[in-house]
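Novice: Got a file for you: entry.tsv, TSV, C-alpha atoms.
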chain	number	residue	atom	x	y	z
A	1415	MET	CA	7.19	59.11	106.40
A	1416	LYS	CA	5.44	56.97	103.80
A	1417	SER	CA	3.63	59.37	101.54
A	1418	LYS	CA	1.36	56.97	99.67
A	1419	VAL	CA	-1.28	54.54	100.94
A	1420	GLU	CA	-3.65	52.21	99.18
A	1421	CYS	CA	-7.37	52.94	99.15
A	1422	GLN	CA	-9.19	50.12	100.99
A	1423	GLU	CA	-12.21	50.58	98.72
A	1424	CYS	CA	-10.78	50.72	95.21
A	1425	GLY	CA	-7.08	50.06	95.55
A	1426	ALA	CA	-6.01	53.41	94.13
A	1427	GLU	CA	-2.95	55.15	95.49
A	1428	ILE	CA	-3.64	58.06	97.87
A	1429	THR	CA	-0.90	60.62	98.35
A	1430	VAL	CA	-0.57	61.70	101.97
A	1431	PRO	CA	0.90	65.14	102.78
A	1432	GLU	CA	4.19	65.09	104.68
A	1433	ASP	CA	2.78	67.15	107.57
A	1434	VAL	CA	-0.29	64.96	108.12
A	1435	VAL	CA	-1.41	64.55	111.75
A	1436	VAL	CA	-3.50	61.92	113.52
A	1437	GLY	CA	-7.20	62.70	113.12
A	1438	GLU	CA	-6.85	64.28	109.70
A	1439	ILE	CA	-9.06	63.02	106.89
A	1440	ILE	CA	-7.63	62.03	103.53
A	1441	THR	CA	-9.71	61.36	100.44
A	1442	CYS	CA	-9.13	58.85	97.67
A	1443	PRO	CA	-8.84	60.80	94.40
A	1444	ASP	CA	-10.42	57.93	92.45
A	1445	CYS	CA	-13.46	56.77	94.45
A	1446	GLY	CA	-13.86	59.60	96.98
A	1447	GLY	CA	-13.50	57.20	99.94
A	1448	GLU	CA	-12.53	59.08	103.10
A	1449	TYR	CA	-10.04	57.83	105.68
A	1450	GLU	CA	-9.01	59.08	109.08
A	1451	ILE	CA	-5.32	58.91	109.94
A	1452	THR	CA	-5.05	56.92	113.18
A	1453	SER	CA	-1.30	56.65	113.63
A	1454	THR	CA	1.89	58.11	112.27
A	1455	VAL	CA	4.23	56.38	114.75
A	1456	GLU	CA	7.75	55.85	113.42
A	1457	GLY	CA	6.70	56.95	109.98
A	1458	ASN	CA	4.13	54.19	109.54
A	1459	LEU	CA	0.76	55.49	108.50
A	1460	GLU	CA	-2.33	53.75	109.79
A	1461	LEU	CA	-5.83	54.68	108.74
A	1462	LYS	CA	-9.44	53.65	109.10
A	1463	PRO	CA	-12.59	54.57	107.16
A	1464	ALA	CA	-13.71	58.02	108.32
A	1465	GLU	CA	-17.01	58.54	110.14
A	1466	ARG	CA	-19.95	59.37	107.90
A	1467	VAL	CA	-21.24	62.91	108.11
A	1468	GLY	CA	-23.75	62.95	110.97
A	1469	GLU	CA	-26.99	64.88	111.19
A	1470	ASP	CA	-25.50	66.96	114.00
A	1471	TRP	CA	-22.27	67.85	112.21
A	1472	GLY	CA	-21.28	71.42	111.64
A	1473	GLN	CA	-21.68	74.79	113.32
B	410	MET	CA	3.26	76.82	131.69
B	411	VAL	CA	-0.26	76.55	130.27
B	412	GLU	CA	-1.09	73.49	128.19
B	413	VAL	CA	-3.91	73.72	125.66
B	414	SER	CA	-5.80	70.65	124.45
B	415	ILE	CA	-7.67	70.78	121.18
B	416	LEU	CA	-10.58	68.36	121.45
B	417	CYS	CA	-11.88	67.20	118.12
B	418	ASP	CA	-13.27	64.24	116.25
B	419	LYS	CA	-11.75	65.23	112.93
B	420	VAL	CA	-8.67	67.37	112.28
B	421	ARG	CA	-9.72	70.05	109.82
B	422	TYR	CA	-7.96	73.24	108.74
B	423	GLU	CA	-9.16	74.93	111.94
B	424	GLU	CA	-7.83	72.34	114.39
B	425	LYS	CA	-4.52	71.99	112.57
B	426	SER	CA	-3.99	75.74	112.43
B	427	LEU	CA	-4.77	76.05	116.16
B	428	TYR	CA	-2.25	73.34	116.98
B	429	GLU	CA	0.43	74.83	114.74
B	430	LYS	CA	-0.18	78.33	116.09
B	431	ALA	CA	0.16	77.13	119.70
B	432	GLN	CA	3.43	75.41	118.75
B	433	SER	CA	4.76	78.53	117.07
B	434	LYS	CA	3.93	80.57	120.17
B	435	GLY	CA	5.83	78.09	122.33
B	436	ILE	CA	2.64	76.97	124.08
B	437	LYS	CA	2.35	73.31	124.95
B	438	SER	CA	-0.59	71.84	123.10
B	439	LYS	CA	-2.01	68.59	121.87
B	440	ILE	CA	-4.81	67.34	119.70
B	441	VAL	CA	-7.13	64.99	121.59
B	442	ASP	CA	-9.47	62.65	119.73
B	443	ALA	CA	-12.86	63.17	121.39
B	444	LYS	CA	-13.94	59.74	120.13
B	445	THR	CA	-11.44	58.00	122.40
B	446	VAL	CA	-12.24	59.71	125.72
B	447	ILE	CA	-14.00	57.58	128.37
B	448	ILE	CA	-15.24	59.17	131.60
B	449	ASP	CA	-17.27	57.66	134.43
B	450	THR	CA	-19.05	58.97	137.48
B	451	HIS	CA	-16.05	58.17	139.69
B	452	SER	CA	-13.44	59.60	137.31
B	453	LYS	CA	-11.04	62.16	138.71
B	454	LYS	CA	-9.47	65.08	136.92
B	455	LYS	CA	-5.97	63.85	137.78
B	456	ASP	CA	-6.58	60.64	135.79
B	457	PHE	CA	-6.68	62.61	132.56
B	458	LEU	CA	-3.70	64.27	130.92
B	459	LEU	CA	-5.71	66.96	129.21
B	460	GLY	CA	-3.79	70.10	130.13
B	461	ASP	CA	-5.09	73.27	131.70
B	462	ILE	CA	-7.62	74.41	129.14
B	463	MET	CA	-9.53	72.72	126.38
B	464	LEU	CA	-10.81	74.05	123.11
B	465	GLN	CA	-13.92	72.04	122.21
B	466	ARG	CA	-13.74	71.64	118.43
B	467	SER	CA	-15.81	68.50	117.77
B	468	VAL	CA	-17.67	68.68	114.49
B	469	SER	CA	-20.43	66.51	115.97
B	470	TYR	CA	-22.60	68.84	118.05
B	471	TYR	CA	-23.83	66.30	120.57
B	472	ARG	CA	-20.44	64.66	121.01
B	473	GLY	CA	-18.87	68.03	121.74
B	474	LEU	CA	-21.70	69.14	124.00
B	475	TYR	CA	-21.82	66.07	126.23
B	476	LEU	CA	-18.08	65.61	126.35
B	477	THR	CA	-17.86	69.22	127.53
B	478	ALA	CA	-20.44	68.46	130.24
B	479	CYS	CA	-18.36	65.50	131.42
B	480	LEU	CA	-15.10	67.45	131.39
B	481	GLU	CA	-16.64	70.30	133.33
B	482	PHE	CA	-17.96	67.71	135.79
B	483	LEU	CA	-14.33	66.66	136.35
B	484	GLY	CA	-13.34	70.28	136.90
B	485	PHE	CA	-11.71	71.08	133.56
B	486	LYS	CA	-12.08	74.45	131.90
B	487	VAL	CA	-13.55	74.07	128.42
B	488	ILE	CA	-14.08	76.74	125.76
B	489	ASN	CA	-16.95	77.12	125.08
B	490	ARG	CA	-18.74	76.13	128.24
B	491	TYR	CA	-21.52	73.51	128.19
B	492	GLU	CA	-24.27	76.09	128.74
B	493	VAL	CA	-23.01	78.14	125.79
B	494	GLY	CA	-23.00	75.06	123.56
B	495	GLN	CA	-26.48	74.14	124.67
B	496	THR	CA	-27.83	77.60	123.82
B	497	CYS	CA	-26.02	78.08	120.52
B	498	GLY	CA	-26.78	74.59	119.26
B	499	ASN	CA	-30.48	75.25	119.52
B	500	LYS	CA	-31.95	77.98	117.33
B	501	LEU	CA	-35.11	78.26	119.43
B	502	ILE	CA	-33.22	78.85	122.67
B	503	THR	CA	-30.84	81.24	120.89
B	504	SER	CA	-33.78	83.29	119.56
B	505	ILE	CA	-35.22	83.52	123.06
B	506	LYS	CA	-31.89	84.64	124.56
B	507	LEU	CA	-31.39	87.24	121.82
B	508	GLU	CA	-34.88	88.65	122.31
B	509	GLN	CA	-34.51	88.64	126.10
B	510	ASN	CA	-31.36	90.71	125.69
B	511	LYS	CA	-33.05	93.16	123.30
B	512	ILE	CA	-30.85	92.19	120.39
B	513	PRO	CA	-32.53	92.77	117.01
B	514	THR	CA	-33.39	89.33	115.65
B	515	PRO	CA	-35.78	88.11	112.92
B	516	THR	CA	-39.38	87.60	114.02
B	517	THR	CA	-39.77	83.87	114.63
B	518	GLN	CA	-42.75	81.75	115.52
B	519	PHE	CA	-42.53	78.58	117.53
B	520	ALA	CA	-45.21	75.92	117.05
B	521	PHE	CA	-45.45	72.46	118.55
B	522	SER	CA	-47.57	70.46	116.14
B	523	ALA	CA	-48.05	70.23	112.40
B	524	GLU	CA	-51.49	71.83	112.72
B	525	SER	CA	-50.33	74.81	114.73
B	526	GLY	CA	-47.27	75.17	112.48
B	527	LEU	CA	-49.51	75.41	109.42
B	528	GLU	CA	-51.91	77.73	111.19
B	529	SER	CA	-49.09	80.09	112.05
B	530	ILE	CA	-47.83	79.99	108.45
B	531	ARG	CA	-51.33	80.71	107.09
B	532	LYS	CA	-51.86	83.63	109.46
B	533	THR	CA	-48.46	85.20	108.80
B	534	GLY	CA	-48.33	84.82	105.03
B	535	PHE	CA	-45.38	84.27	102.75
B	536	PRO	CA	-42.42	84.26	102.29
B	537	LEU	CA	-41.13	82.49	105.40
B	538	VAL	CA	-38.24	80.23	106.33
B	539	LEU	CA	-38.66	76.91	108.14
B	540	LYS	CA	-35.58	75.81	110.07
B	541	PRO	CA	-34.79	72.79	112.20
B	542	ILE	CA	-34.09	73.93	115.78
B	543	VAL	CA	-30.91	71.83	115.85
B	544	GLY	CA	-28.87	71.55	112.68
B	545	SER	CA	-26.01	73.10	110.81
B	546	TRP	CA	-24.49	73.92	107.47
B	547	GLY	CA	-27.91	75.05	106.24
B	548	ARG	CA	-29.34	71.51	106.28
B	549	GLY	CA	-33.10	71.24	106.48
B	550	ILE	CA	-33.68	74.97	105.99
B	551	TYR	CA	-36.54	75.58	103.56
B	552	PRO	CA	-37.85	78.78	102.04
B	553	LEU	CA	-41.65	78.71	102.21
B	554	ARG	CA	-43.26	80.68	99.38
B	555	ASP	CA	-46.72	79.07	99.10
B	556	LEU	CA	-49.12	77.02	101.20
B	557	GLU	CA	-48.93	73.88	99.09
B	558	THR	CA	-45.14	73.59	99.46
B	559	ALA	CA	-45.33	74.50	103.15
B	560	SER	CA	-47.89	71.72	103.77
B	561	MET	CA	-45.73	69.18	101.99
B	562	ILE	CA	-42.61	70.14	103.91
B	563	ILE	CA	-44.49	69.94	107.20
B	564	GLU	CA	-45.84	66.52	106.21
B	565	MET	CA	-42.27	65.44	105.49
B	566	ARG	CA	-41.15	66.72	108.88
B	567	GLU	CA	-43.96	64.75	110.56
B	568	GLU	CA	-42.67	61.53	109.00
B	569	ASP	CA	-39.12	62.14	110.16
B	570	ASP	CA	-37.84	59.94	113.02
B	571	ASN	CA	-36.31	62.87	114.85
B	572	PRO	CA	-38.70	64.14	117.58
B	573	LEU	CA	-37.21	67.63	117.21
B	574	SER	CA	-38.72	67.70	113.72
B	575	ARG	CA	-42.11	68.20	115.37
B	576	ILE	CA	-40.97	71.51	116.86
B	577	TYR	CA	-41.61	74.17	114.23
B	578	TYR	CA	-39.33	77.19	114.02
B	579	ILE	CA	-40.78	79.51	111.43
B	580	GLN	CA	-38.89	82.69	110.69
B	581	GLU	CA	-39.66	85.76	108.62
B	582	MET	CA	-37.66	85.88	105.39
B	583	VAL	CA	-35.54	88.94	105.97
B	584	ASP	CA	-35.37	91.35	103.03
B	585	ARG	CA	-31.62	91.37	102.65
B	586	PRO	CA	-28.93	91.52	99.97
B	587	PRO	CA	-27.79	88.04	98.78
B	588	ARG	CA	-25.34	87.78	101.63
B	589	ASP	CA	-25.08	87.60	105.39
B	590	ILE	CA	-22.36	88.53	107.84
B	591	ARG	CA	-20.30	86.28	110.09
B	592	CYS	CA	-18.52	88.18	112.85
B	593	ILE	CA	-16.04	86.23	114.93
B	594	VAL	CA	-15.99	87.21	118.58
B	595	ILE	CA	-13.24	86.06	120.91
B	596	GLY	CA	-13.84	87.03	124.53
B	597	ASP	CA	-14.79	90.70	124.47
B	598	GLN	CA	-13.42	91.48	121.01
B	599	ALA	CA	-14.89	91.28	117.54
B	600	ILE	CA	-11.82	89.92	115.74
B	601	THR	CA	-12.95	89.91	112.13
B	602	ALA	CA	-16.06	89.83	109.97
B	603	ILE	CA	-16.87	88.44	106.56
B	604	TYR	CA	-19.71	88.69	104.10
B	605	ARG	CA	-20.94	85.28	102.98
B	606	TYR	CA	-22.54	85.29	99.55
B	607	SER	CA	-24.74	82.46	98.40
B	608	SER	CA	-23.51	80.48	95.41
B	609	PRO	CA	-25.40	81.04	92.09
B	610	SER	CA	-27.78	78.10	92.54
B	611	GLU	CA	-28.41	78.66	96.26
B	612	TRP	CA	-30.15	81.14	98.52
B	613	ARG	CA	-28.42	79.92	101.68
B	614	THR	CA	-25.08	81.58	102.36
B	615	ASN	CA	-23.30	78.79	104.25
B	616	VAL	CA	-19.68	78.29	103.18
B	617	ALA	CA	-20.40	74.54	103.49
B	618	ARG	CA	-22.92	75.07	100.65
B	619	GLY	CA	-20.42	76.75	98.37
B	620	GLY	CA	-20.98	80.30	99.65
B	621	MET	CA	-18.28	82.81	98.73
B	622	VAL	CA	-16.59	85.01	101.32
B	623	GLU	CA	-15.37	88.60	101.33
B	624	LEU	CA	-13.88	90.68	104.11
B	625	ALA	CA	-16.48	92.90	105.81
B	626	PRO	CA	-15.53	96.11	107.60
B	627	ILE	CA	-16.46	95.95	111.27
B	628	THR	CA	-18.79	98.89	111.81
B	629	LYS	CA	-19.65	100.22	115.26
B	630	GLU	CA	-23.19	98.83	114.89
B	631	MET	CA	-21.84	95.41	113.93
B	632	GLU	CA	-19.31	95.34	116.75
B	633	ASP	CA	-21.84	96.38	119.40
B	634	LEU	CA	-24.35	93.84	118.19
B	635	ALA	CA	-21.82	90.99	117.91
B	636	LEU	CA	-20.49	91.62	121.41
B	637	LYS	CA	-23.99	91.87	122.88
B	638	ALA	CA	-25.07	88.67	121.12
B	639	ALA	CA	-21.96	86.82	122.29
B	640	LYS	CA	-22.60	87.96	125.85
B	641	ALA	CA	-26.27	86.97	125.61
B	642	VAL	CA	-25.38	83.34	124.89
B	643	GLY	CA	-22.72	83.18	127.60
B	644	GLY	CA	-19.55	84.34	125.82
B	645	GLY	CA	-16.40	82.61	124.61
B	646	ILE	CA	-15.29	81.99	121.04
B	647	LEU	CA	-18.30	82.54	118.82
B	648	GLY	CA	-19.42	83.22	115.28
B	649	VAL	CA	-22.26	85.73	115.29
B	650	ASP	CA	-24.34	85.59	112.10
B	651	MET	CA	-26.25	88.67	111.04
B	652	MET	CA	-28.34	89.84	108.12
B	653	GLU	CA	-28.66	93.35	106.74
B	654	ASP	CA	-32.38	94.00	106.89
B	655	LYS	CA	-33.29	96.74	104.41
B	656	ASN	CA	-35.50	98.50	106.97
B	657	ARG	CA	-34.18	97.62	110.41
B	658	GLY	CA	-30.43	97.44	109.85
B	659	LEU	CA	-28.52	94.48	111.25
B	660	VAL	CA	-30.39	91.56	112.80
B	661	VAL	CA	-28.71	88.61	114.49
B	662	HIS	CA	-30.11	85.25	113.46
B	663	GLU	CA	-27.64	82.76	114.87
B	664	VAL	CA	-24.61	82.39	117.13
B	665	ASN	CA	-22.21	79.54	116.38
B	666	ASN	CA	-20.52	77.67	119.18
B	667	THR	CA	-17.77	75.78	117.36
B	668	VAL	CA	-16.98	78.46	114.87
B	669	GLU	CA	-15.43	77.38	111.59
B	670	PHE	CA	-13.03	80.03	110.33
B	671	ARG	CA	-11.36	78.65	107.24
B	672	GLY	CA	-13.40	80.97	105.02
B	673	ALA	CA	-12.73	83.98	107.25
B	674	ALA	CA	-9.01	83.19	107.51
B	675	SER	CA	-8.74	83.15	103.71
B	676	VAL	CA	-9.68	86.85	103.48
B	677	SER	CA	-8.99	88.32	106.92
B	678	LYS	CA	-5.77	89.95	108.06
B	679	ALA	CA	-6.59	88.95	111.64
B	680	ASP	CA	-4.63	86.07	113.10
B	681	ILE	CA	-7.74	84.08	114.08
B	682	PRO	CA	-6.00	80.93	115.43
B	683	GLY	CA	-3.46	83.11	117.23
B	684	GLU	CA	-6.20	85.13	118.92
B	685	ILE	CA	-7.98	81.93	119.95
B	686	ILE	CA	-4.84	80.46	121.51
B	687	ASP	CA	-4.10	83.73	123.36
B	688	TYR	CA	-7.67	83.78	124.68
B	689	ALA	CA	-7.44	80.16	125.83
B	690	VAL	CA	-4.22	80.92	127.71
B	691	THR	CA	-5.83	83.95	129.36
B	692	VAL	CA	-8.87	81.92	130.44
B	693	ALA	CA	-6.62	79.14	131.77
B	694	ARG	CA	-4.75	81.62	133.97
B	695	HIS	CA	-7.89	83.07	135.59
Output the file's structure as structure tokens, nothing else.
Specialist:
Amino acid sequence: MKSKVECQECGAEITVPEDVVVGEIITCPDCGGEYEITSTVEGNLELKPAERVGEDWGQ
Amino acid sequence: MVEVSILCDKVRYEEKSLYEKAQSKGIKSKIVDAKTVIIDTHSKKKDFLLGDIMLQRSVSYYRGLYLTACLEFLGFKVINRYEVGQTCGNKLITSIKLEQNKIPTPTTQFAFSAESGLESIRKTGFPLVLKPIVGSWGRGIYPLRDLETASMIIEMREEDDNPLSRIYYIQEMVDRPPRDIRCIVIGDQAITAIYRYSSPSEWRTNVARGGMVELAPITKEMEDLALKAAKAVGGGILGVDMMEDKNRGLVVHEVNNTVEFRGAASVSKADIPGEIIDYAVTVARH
């Protein structure tokens, strides 16, 4: 599986753990941008900007 | 064979550990993105491949709550049930349930306008704690130590767009050590407990606010209270939060419906995800 993706905000390289699963959030080490993994099919990582923290988040 | 679905909108440590634990136990499981589920009034249970039991793990309270309502409408078993989520997600309703069940809980006043909120604060005296009735991770919780600050915070709440901001939940400030207790209850067992210490620049103890955790021994008093509180809100998988009042002993101030356990798992010997999966399988079979 590809272990690096490019940050859509700042272009930095984000290292993705080997055991990543769909729905996990990864964070850009440079700008702090957060991305949700949307697909890992056939080793291709797809991601989208993660949802912003909502007022009703948490427990 | 039982299949467990883990419903979530974000895969955190908790959801991943639940999935991995189910796999290691040989239990069929899958992670389901709550954001992608669509249900309508004519939907049928058989149209959804969601297994036999669902663990509702959405980080968004309302998403989790209403998705649970819809899934129960279709006939699915969800942990925790909608009614439990509705009670635990609302501090006012939780306080009422705790009091109705004679569980020691901090004295709390409920007021329904800025004027009556201020009147109740004036009559009671300081210090007090103002909390939003719906909200998590310690957000919007203010210590009230004088009338001027209290008036300003109430004014701020009045300007807020959220109608729930006009419901005032004013709690005594419990005289406690700089920590509280989180006891995790699964079914009829208190699995583990931790002390949560506030970080140096904070008075709130939430782990989300940098609170530190330490394993807490489960005393008989703590176990009894945690189990009673869990039962009072409808039971399931719950995080019962307590404070050590210097005069009264333990008081329960909150019960959490989608319990986060990363902090507890870092210090506890209990296999929290394993216990949750075993409980889900048991519920699925009954």
Novice: Counting all atoms listed in the file, which residues in chain B sit no more than 8 Å from chain A? For each one, give the nearest pair of atoms and the distance in Å, sorted by chain then residue number, as a Markdown table.
Specialist:
| residue | atom | partner | partner_atom | distance |
| --- | --- | --- | --- | --- |
| B:Asp418 | CA | A:Gly1437 | CA | 7.0 |
| B:Lys419 | CA | A:Gly1437 | CA | 5.2 |
| B:Val420 | CA | A:Glu1438 | CA | 4.4 |
| B:Arg421 | CA | A:Glu1438 | CA | 6.4 |
| B:Asp442 | CA | A:Gly1437 | CA | 7.0 |
| B:Val468 | CA | A:Trp1471 | CA | 5.2 |
| B:Ser469 | CA | A:Trp1471 | CA | 4.4 |
| B:Tyr470 | CA | A:Asp1470 | CA | 5.3 |
| B:Tyr471 | CA | A:Asp1470 | CA | 6.8 |
| B:Gly498 | CA | A:Gln1473 | CA | 7.8 |
| B:Val543 | CA | A:Asp1470 | CA | 7.5 |
| B:Gly544 | CA | A:Asp1470 | CA | 5.8 |
| B:Ser545 | CA | A:Gly1472 | CA | 5.1 |
| B:Trp546 | CA | A:Gly1472 | CA | 5.8 |
| B:Asn665 | CA | A:Gln1473 | CA | 5.7 |
| B:Asn666 | CA | A:Gln1473 | CA | 6.6 |
| B:Thr667 | CA | A:Gln1473 | CA | 5.7 |
| B:Val668 | CA | A:Gln1473 | CA | 6.2 |
| B:Glu669 | CA | A:Gln1473 | CA | 7.0 |
Novice: Which value, in Å to one decimal, gives the distance between atom CA of B:Leu416 and atom CA of B:Lys678?
Specialist: 25.9 Å
Novice: Between atom CA of B:Leu474 and atom CA of B:Val493, what distance in Å does the model show, to one decimal?
Specialist: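 Computed distance, atom CA of B:Leu474 to atom CA of B:Val493, equals 9.3 Å.
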Novice: Grab the atom CA of B:Arg605 to atom CA of B:Glu508 distance for me, in Å with one decimal place.
Specialist: 24.1 Å
Novice: Starting from 8 Å padding per side, set up an axis-aligned box that covers all listed atoms of stretch 1432-1436 of chain A and hand over centre and edge lengths in Å, one decimal, as AutoDock Vina command-line options.
Specialist:
--center_x 0.3 --center_y 64.5 --center_z 109.1 --size_x 23.7 --size_y 21.2 --size_z 24.8
Novice: I'd like the contact shell of stretch 476-480 of chain B - 12 Å cut-off, all atoms listed in the file, skipping same-chain residues fewer than 5 positions apart - returned as a ChimeraX atom specification.
Specialist: /B:416-418,441-467,469-471,485-495
Novice: Considering only C-alpha atoms, state which residue in the set B:Gly683, B:Pro552, B:Gly644, B:Gly547 is at the smallest distance from B:Met582.
Specialist: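 Checking each candidate against B:Met582, we get B:Pro552 as the closest.
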Novice: If we count all atoms listed in the file and set the cut-off at 9 Å, which residues sit around stretch 1416-1424 of chain A, ignoring sequence neighbours fewer than 2 positions away in its own chain? Please answer as a ChimeraX atom specification.
Specialist: /A:1426-1432,1441-1442,1444-1445,1447-1449,1457-1460,1462-1463
Novice: Restrict the selected residues to C-alpha atoms and save them as a compact mmCIF listing (two decimals), keeping the file's coordinate frame.
Specialist:
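And here's out-v3.txt as it stands now:
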# COMPACT_ATOMS: atom_id res chain seq x y z
CA ALA A 1426 -6.01 53.41 94.13
CA GLU A 1427 -2.95 55.15 95.49
CA ILE A 1428 -3.64 58.06 97.87
CA THR A 1429 -0.90 60.62 98.35
CA VAL A 1430 -0.57 61.70 101.97
CA PRO A 1431 0.90 65.14 102.78
CA GLU A 1432 4.19 65.09 104.68
CA THR A 1441 -9.71 61.36 100.44
CA CYS A 1442 -9.13 58.85 97.67
CA ASP A 1444 -10.42 57.93 92.45
CA CYS A 1445 -13.46 56.77 94.45
CA GLY A 1447 -13.50 57.20 99.94
CA GLU A 1448 -12.53 59.08 103.10
CA TYR A 1449 -10.04 57.83 105.68
CA GLY A 1457 6.70 56.95 109.98
CA ASN A 1458 4.13 54.19 109.54
CA LEU A 1459 0.76 55.49 108.50
CA GLU A 1460 -2.33 53.75 109.79
CA LYS A 1462 -9.44 53.65 109.10
CA PRO A 1463 -12.59 54.57 107.16
Novice: At most 12 Å is the cut-off: for each residue in stretch 571-596 of chain B with any atom that close to an atom of stretch 647-656 of chain B, write down the nearest atom pair and the distance in Å rounded to one decimal, counting only C-alpha atoms, chain first then increasing number, as a tab-separated table.
Specialist:
residue	atom	partner	partner_atom	distance
B:Glu581	CA	B:Asp654	CA	11.1
B:Met582	CA	B:Asp654	CA	9.8
B:Val583	CA	B:Asp654	CA	6.0
B:Asp584	CA	B:Asp654	CA	5.6
B:Arg585	CA	B:Asp654	CA	5.0
B:Pro586	CA	B:Glu653	CA	7.0
B:Pro587	CA	B:Met652	CA	9.5
B:Arg588	CA	B:Met652	CA	7.4
B:Asp589	CA	B:Met652	CA	4.8
B:Ile590	CA	B:Met651	CA	5.0
B:Arg591	CA	B:Asp650	CA	4.6
B:Cys592	CA	B:Val649	CA	5.1
B:Ile593	CA	B:Gly648	CA	4.5
B:Val594	CA	B:Leu647	CA	5.2
B:Ile595	CA	B:Leu647	CA	6.5
B:Gly596	CA	B:Leu647	CA	8.5
